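Written out below as structure tokens is the structure these notes cover.
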Amino acid sequence: MAEQQLLLMVQMTCAREHLEPFTLWYNSHLPNLLRIPGYQWAQRYVNLDGGTRFTAFYGIRSAEDLPSLLQFGSPGLHSIAASEYSVFSTLQGASDHVSNVYEQVSGAPLRDPLLLSDSPLSIVTADVDPAHESEWDRWYTESHLPGVLNVPGYTCGARFRRLEHPALENFNTGPKYLALYECESEGVLPTLVPGDSIHPEAEAELARWQAYGALHACNFGWGFYRLISKHFKWSDI
């Protein structure tokens, strides 16, 4: 069986006065990285709250590719990766930068069907109190994830855990756990969040989260994002 691919998530906020050069760079950055063996696809999203918070996801073939993709200062770092990160370090207006590599622990497989569509995405991140982590982790996988997916409006989802690896010294700056949920459309989002339009099943699952999940979570983040760019290649070279 082929090794399960990894997920690199990069999040950052860009000041509005710097959005144009930031966007121009990102429009070439993703396809440039896909020229490197090991990267399989890339997708970029913008937060739907009207802000300028962006998330980029990259599919990585396996942990064996990490030194050539992400290990800064290593002689094995691919020249394209070194060039791209050099330009990134000069960008102005970027803040709140988070870069994590995750391994998938449950749910729909990446790109089949998760992230295969152009659907809006719910991105949830959290750290957990180590004293309760095993129990919390089991509860999330066995209860909360299927509970969320039973809410009308969500179509599929998956959970991920931060990968520990020697090549990631300059990464893994964000929360340990990540959950991704695809939604039917932007039109259903008001039924998934607190407010007058929230669906009863969404309200009930949110109450279960507050009664247990939130008690042991910290550094919690939750937002809905719109796809703005998608890139892939047919095969690695």
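Note on naming: chains are A, B, ... as they come in the structure tokens, residues start from 1 per chain, ligands start from 1 in the order shown.
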
Just the alpha helix (DSSP H) stuff from region 32-178 of chain A, please, per backbone DSSP, written as an mmCIF file with N, CA and C atoms, in the first residue's frame.
data_model
loop_
_atom_site.group_PDB
_atom_site.id
_atom_site.type_symbol
_atom_site.label_atom_id
_atom_site.label_comp_id
_atom_site.auth_asym_id
_atom_site.auth_seq_id
_atom_site.Cartn_x
_atom_site.Cartn_y
_atom_site.Cartn_z
ATOM 1 N N ASN A 32 5.100 27.149 -9.097
ATOM 2 C CA ASN A 32 6.549 26.948 -9.051
ATOM 3 C C ASN A 32 6.916 25.802 -8.114
ATOM 4 N N LEU A 33 6.275 25.756 -6.946
ATOM 5 C CA LEU A 33 6.575 24.673 -6.012
ATOM 6 C C LEU A 33 6.190 23.311 -6.590
ATOM 7 N N LEU A 66 10.424 15.465 2.627
ATOM 8 C CA LEU A 66 10.477 16.676 3.440
ATOM 9 C C LEU A 66 11.823 17.399 3.403
ATOM 10 N N PRO A 67 12.971 16.701 3.464
ATOM 11 C CA PRO A 67 14.238 17.440 3.429
ATOM 12 C C PRO A 67 14.415 18.279 2.166
ATOM 13 N N SER A 68 13.994 17.779 1.014
ATOM 14 C CA SER A 68 14.176 18.535 -0.224
ATOM 15 C C SER A 68 13.149 19.647 -0.380
ATOM 16 N N LEU A 69 12.037 19.569 0.351
ATOM 17 C CA LEU A 69 10.971 20.565 0.220
ATOM 18 C C LEU A 69 11.038 21.650 1.281
ATOM 19 N N LEU A 70 11.405 21.263 2.522
ATOM 20 C CA LEU A 70 11.175 22.170 3.644
ATOM 21 C C LEU A 70 12.346 22.325 4.606
ATOM 22 N N SER A 79 16.566 23.552 -5.235
ATOM 23 C CA SER A 79 16.914 24.938 -5.578
ATOM 24 C C SER A 79 15.680 25.811 -5.773
ATOM 25 N N ILE A 80 14.590 25.236 -6.310
ATOM 26 C CA ILE A 80 13.364 26.020 -6.487
ATOM 27 C C ILE A 80 12.783 26.393 -5.126
ATOM 28 N N ALA A 81 12.790 25.448 -4.192
ATOM 29 C CA ALA A 81 12.288 25.741 -2.852
ATOM 30 C C ALA A 81 13.117 26.844 -2.201
ATOM 31 N N ALA A 82 14.431 26.760 -2.325
ATOM 32 C CA ALA A 82 15.298 27.776 -1.739
ATOM 33 C C ALA A 82 15.012 29.149 -2.332
ATOM 34 N N SER A 83 14.816 29.213 -3.652
ATOM 35 C CA SER A 83 14.526 30.479 -4.312
ATOM 36 C C SER A 83 13.181 31.053 -3.876
ATOM 37 N N GLU A 84 12.167 30.198 -3.794
ATOM 38 C CA GLU A 84 10.834 30.665 -3.418
ATOM 39 C C GLU A 84 10.817 31.191 -1.984
ATOM 40 N N TYR A 85 11.466 30.507 -1.074
ATOM 41 C CA TYR A 85 11.464 30.947 0.314
ATOM 42 C C TYR A 85 12.308 32.204 0.494
ATOM 43 N N SER A 86 13.320 32.394 -0.354
ATOM 44 C CA SER A 86 14.107 33.614 -0.308
ATOM 45 C C SER A 86 13.255 34.823 -0.675
ATOM 46 N N VAL A 87 12.430 34.676 -1.706
ATOM 47 C CA VAL A 87 11.532 35.766 -2.101
ATOM 48 C C VAL A 87 10.477 35.991 -1.029
ATOM 49 N N PHE A 88 9.961 34.913 -0.461
ATOM 50 C CA PHE A 88 8.934 35.030 0.579
ATOM 51 C C PHE A 88 9.428 35.874 1.750
ATOM 52 N N GLU A 133 -5.497 14.438 26.402
ATOM 53 C CA GLU A 133 -5.381 14.360 24.951
ATOM 54 C C GLU A 133 -5.885 13.044 24.371
ATOM 55 N N SER A 134 -5.539 11.922 24.957
ATOM 56 C CA SER A 134 -5.959 10.636 24.400
ATOM 57 C C SER A 134 -7.479 10.514 24.364
ATOM 58 N N GLU A 135 -8.113 10.873 25.478
ATOM 59 C CA GLU A 135 -9.571 10.788 25.556
ATOM 60 C C GLU A 135 -10.210 11.788 24.593
ATOM 61 N N TRP A 136 -9.686 13.006 24.554
ATOM 62 C CA TRP A 136 -10.209 14.048 23.660
ATOM 63 C C TRP A 136 -10.061 13.642 22.195
ATOM 64 N N ASP A 137 -8.913 13.100 21.857
ATOM 65 C CA ASP A 137 -8.644 12.671 20.487
ATOM 66 C C ASP A 137 -9.633 11.595 20.052
ATOM 67 N N ARG A 138 -9.882 10.639 20.926
ATOM 68 C CA ARG A 138 -10.833 9.579 20.631
ATOM 69 C C ARG A 138 -12.258 10.139 20.490
ATOM 70 N N TRP A 139 -12.629 11.053 21.384
ATOM 71 C CA TRP A 139 -13.953 11.671 21.317
ATOM 72 C C TRP A 139 -14.139 12.420 20.006
ATOM 73 N N LEU A 145 -16.460 14.357 14.960
ATOM 74 C CA LEU A 145 -16.351 14.376 13.492
ATOM 75 C C LEU A 145 -17.604 13.822 12.836
ATOM 76 N N PRO A 146 -18.069 12.611 13.191
ATOM 77 C CA PRO A 146 -19.312 12.134 12.568
ATOM 78 C C PRO A 146 -20.511 13.000 12.935
ATOM 79 N N GLY A 147 -20.502 13.605 14.139
ATOM 80 C CA GLY A 147 -21.600 14.485 14.511
ATOM 81 C C GLY A 147 -21.681 15.702 13.618
ATOM 82 N N VAL A 148 -20.541 16.297 13.328
ATOM 83 C CA VAL A 148 -20.511 17.447 12.427
ATOM 84 C C VAL A 148 -20.993 17.050 11.034
ATOM 85 N N LEU A 149 -20.550 15.884 10.556
ATOM 86 C CA LEU A 149 -20.914 15.466 9.202
ATOM 87 C C LEU A 149 -22.375 15.052 9.083
#

Open item on the list: Taking 2 positions as the minimum chain separation for residues in the same chain, which residues sit within 6 Å of region 223-231 of chain A when counting only C-alpha atoms? Answer as a PyMOL selection string.
Closed with: chain A and resi 41-48+120-123

Task: Distance criterion (only C-alpha atoms): nearest to Glu103 (chain A) out of A:Val193, A:Met9, A:Leu19, A:Leu77 - done: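 Using only C-alpha atoms, the shortest distance to Glu103 (chain A) belongs to A:Met9.
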
TODO: Using only C-alpha atoms, find the one residue out of A:Gln5, A:Asn150, A:Thr173, A:Ser28 that sits nearest to Asp127 (chain A).
DONE: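 With only C-alpha atoms as the atom set, the closest residue is A:Thr173.
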
Task: Option closest in space to Gly221 (chain A), from A:Leu6, A:Val98, A:Ala126, A:Ala179 [counting only C-alpha atoms] - done: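 Distance minimum relative to Gly221 (chain A) lands on A:Ala126.
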
Task: Selection: 9 Å around Leu91 (chain A), only C-alpha atoms, excl. self and same-chain fewer than 5 positions, as a ChimeraX atom specification - done: /A:18,21-22,25

TODO: Can you list, as a ChimeraX atom specification, all residues belonging to region 26-115 of chain A that DSSP tags as strand (DSSP E or B)?
DONE: /A:39-47,53-60,94-107,110,114

Any chance you can output those residues with N, CA and C atoms as a compact mmCIF listing (two decimals), in the first residue's frame?
# COMPACT_ATOMS: atom_id res chain seq x y z
N TYR A 39 5.95 17.53 -4.20
CA TYR A 39 4.70 18.26 -4.14
C TYR A 39 3.75 17.70 -5.19
N GLN A 40 2.49 17.44 -4.80
CA GLN A 40 1.55 16.81 -5.71
C GLN A 40 0.43 17.73 -6.17
N TRP A 41 0.02 18.66 -5.33
CA TRP A 41 -1.05 19.60 -5.68
C TRP A 41 -1.00 20.75 -4.67
N ALA A 42 -1.69 21.84 -4.99
CA ALA A 42 -1.75 22.98 -4.08
C ALA A 42 -3.08 23.70 -4.28
N GLN A 43 -3.65 24.19 -3.17
CA GLN A 43 -4.89 24.95 -3.22
C GLN A 43 -4.79 26.11 -2.24
N ARG A 44 -5.39 27.24 -2.63
CA ARG A 44 -5.31 28.45 -1.81
C ARG A 44 -6.71 28.98 -1.53
N TYR A 45 -6.91 29.45 -0.30
CA TYR A 45 -8.23 29.90 0.16
C TYR A 45 -8.12 31.27 0.83
N VAL A 46 -9.24 32.00 0.85
CA VAL A 46 -9.33 33.25 1.58
C VAL A 46 -10.49 33.17 2.56
N ASN A 47 -10.30 33.76 3.73
CA ASN A 47 -11.33 33.73 4.77
C ASN A 47 -12.56 34.50 4.31
N ARG A 53 -7.17 37.03 5.69
CA ARG A 53 -6.51 35.84 6.20
C ARG A 53 -6.54 34.78 5.11
N PHE A 54 -5.39 34.24 4.75
CA PHE A 54 -5.28 33.28 3.66
C PHE A 54 -4.75 31.94 4.18
N THR A 55 -5.18 30.87 3.54
CA THR A 55 -4.68 29.53 3.84
C THR A 55 -4.30 28.84 2.54
N ALA A 56 -3.13 28.25 2.51
CA ALA A 56 -2.69 27.44 1.37
C ALA A 56 -2.43 26.02 1.85
N PHE A 57 -2.90 25.05 1.08
CA PHE A 57 -2.66 23.64 1.36
C PHE A 57 -1.81 23.04 0.23
N TYR A 58 -0.87 22.17 0.61
CA TYR A 58 -0.01 21.50 -0.35
C TYR A 58 0.00 20.00 -0.03
N GLY A 59 -0.24 19.17 -1.01
CA GLY A 59 -0.11 17.74 -0.84
C GLY A 59 1.33 17.32 -1.03
N ILE A 60 1.87 16.60 -0.05
CA ILE A 60 3.26 16.13 -0.10
C ILE A 60 3.25 14.60 -0.19
N ALA A 94 2.89 40.82 5.47
CA ALA A 94 2.42 39.51 5.93
C ALA A 94 2.62 39.40 7.44
N SER A 95 1.64 38.80 8.13
CA SER A 95 1.73 38.64 9.57
C SER A 95 0.97 37.38 9.98
N ASP A 96 1.09 37.03 11.27
CA ASP A 96 0.38 35.87 11.83
C ASP A 96 0.63 34.62 10.99
N HIS A 97 1.88 34.39 10.67
CA HIS A 97 2.26 33.27 9.79
C HIS A 97 2.30 31.96 10.56
N VAL A 98 1.62 30.96 10.06
CA VAL A 98 1.61 29.61 10.63
C VAL A 98 1.91 28.61 9.52
N SER A 99 2.84 27.69 9.77
CA SER A 99 3.17 26.64 8.79
C SER A 99 3.28 25.32 9.52
N ASN A 100 2.40 24.39 9.21
CA ASN A 100 2.40 23.07 9.83
C ASN A 100 2.35 21.99 8.78
N VAL A 101 3.03 20.88 9.05
CA VAL A 101 2.87 19.67 8.24
C VAL A 101 2.07 18.68 9.07
N TYR A 102 1.02 18.14 8.46
CA TYR A 102 0.10 17.25 9.15
C TYR A 102 0.05 15.88 8.49
N GLU A 103 -0.19 14.86 9.33
CA GLU A 103 -0.54 13.54 8.83
C GLU A 103 -2.02 13.32 9.11
N GLN A 104 -2.71 12.63 8.21
CA GLN A 104 -4.14 12.42 8.38
C GLN A 104 -4.39 11.28 9.36
N VAL A 105 -5.37 11.47 10.24
CA VAL A 105 -5.68 10.44 11.23
C VAL A 105 -7.07 9.85 11.05
N SER A 106 -7.95 10.52 10.31
CA SER A 106 -9.28 9.95 10.09
C SER A 106 -10.00 10.75 9.01
N GLY A 107 -11.09 10.16 8.50
CA GLY A 107 -11.96 10.89 7.58
C GLY A 107 -11.68 10.65 6.12
N LEU A 110 -7.57 12.81 1.31
CA LEU A 110 -7.28 14.04 0.58
C LEU A 110 -7.45 13.85 -0.92
N LEU A 114 -11.99 14.72 -0.42
CA LEU A 114 -11.72 15.96 0.29
C LEU A 114 -10.77 16.85 -0.51

Open item on the list: Between CA of Ala204 (chain A) and CA of Val124 (chain A), what is the distance in Å, rounded to a tenth?
Closed with: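 That distance, rounded to one decimal, is 17.7 Å.
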
Task: Non-local contacts of Asp129 (chain A) (9 Å; only C-alpha atoms; under 6 positions in same chain excluded) as a list of chain:residue names - done: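 Here the qualifying residues turn out to be A:Trp136, A:His216, A:Ala217, A:Cys218.
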
TODO: Using CA of Ser119 (chain A) and CA of Met12 (chain A) as the two end points, give the distance in Å to one decimal.
DONE: 20.8 Å

Open item on the list: Report, in Å with one decimal, the straight-line distance from CA of Glu64 (chain A) to CA of Ala167 (chain A).
Closed with: 9.7 Å
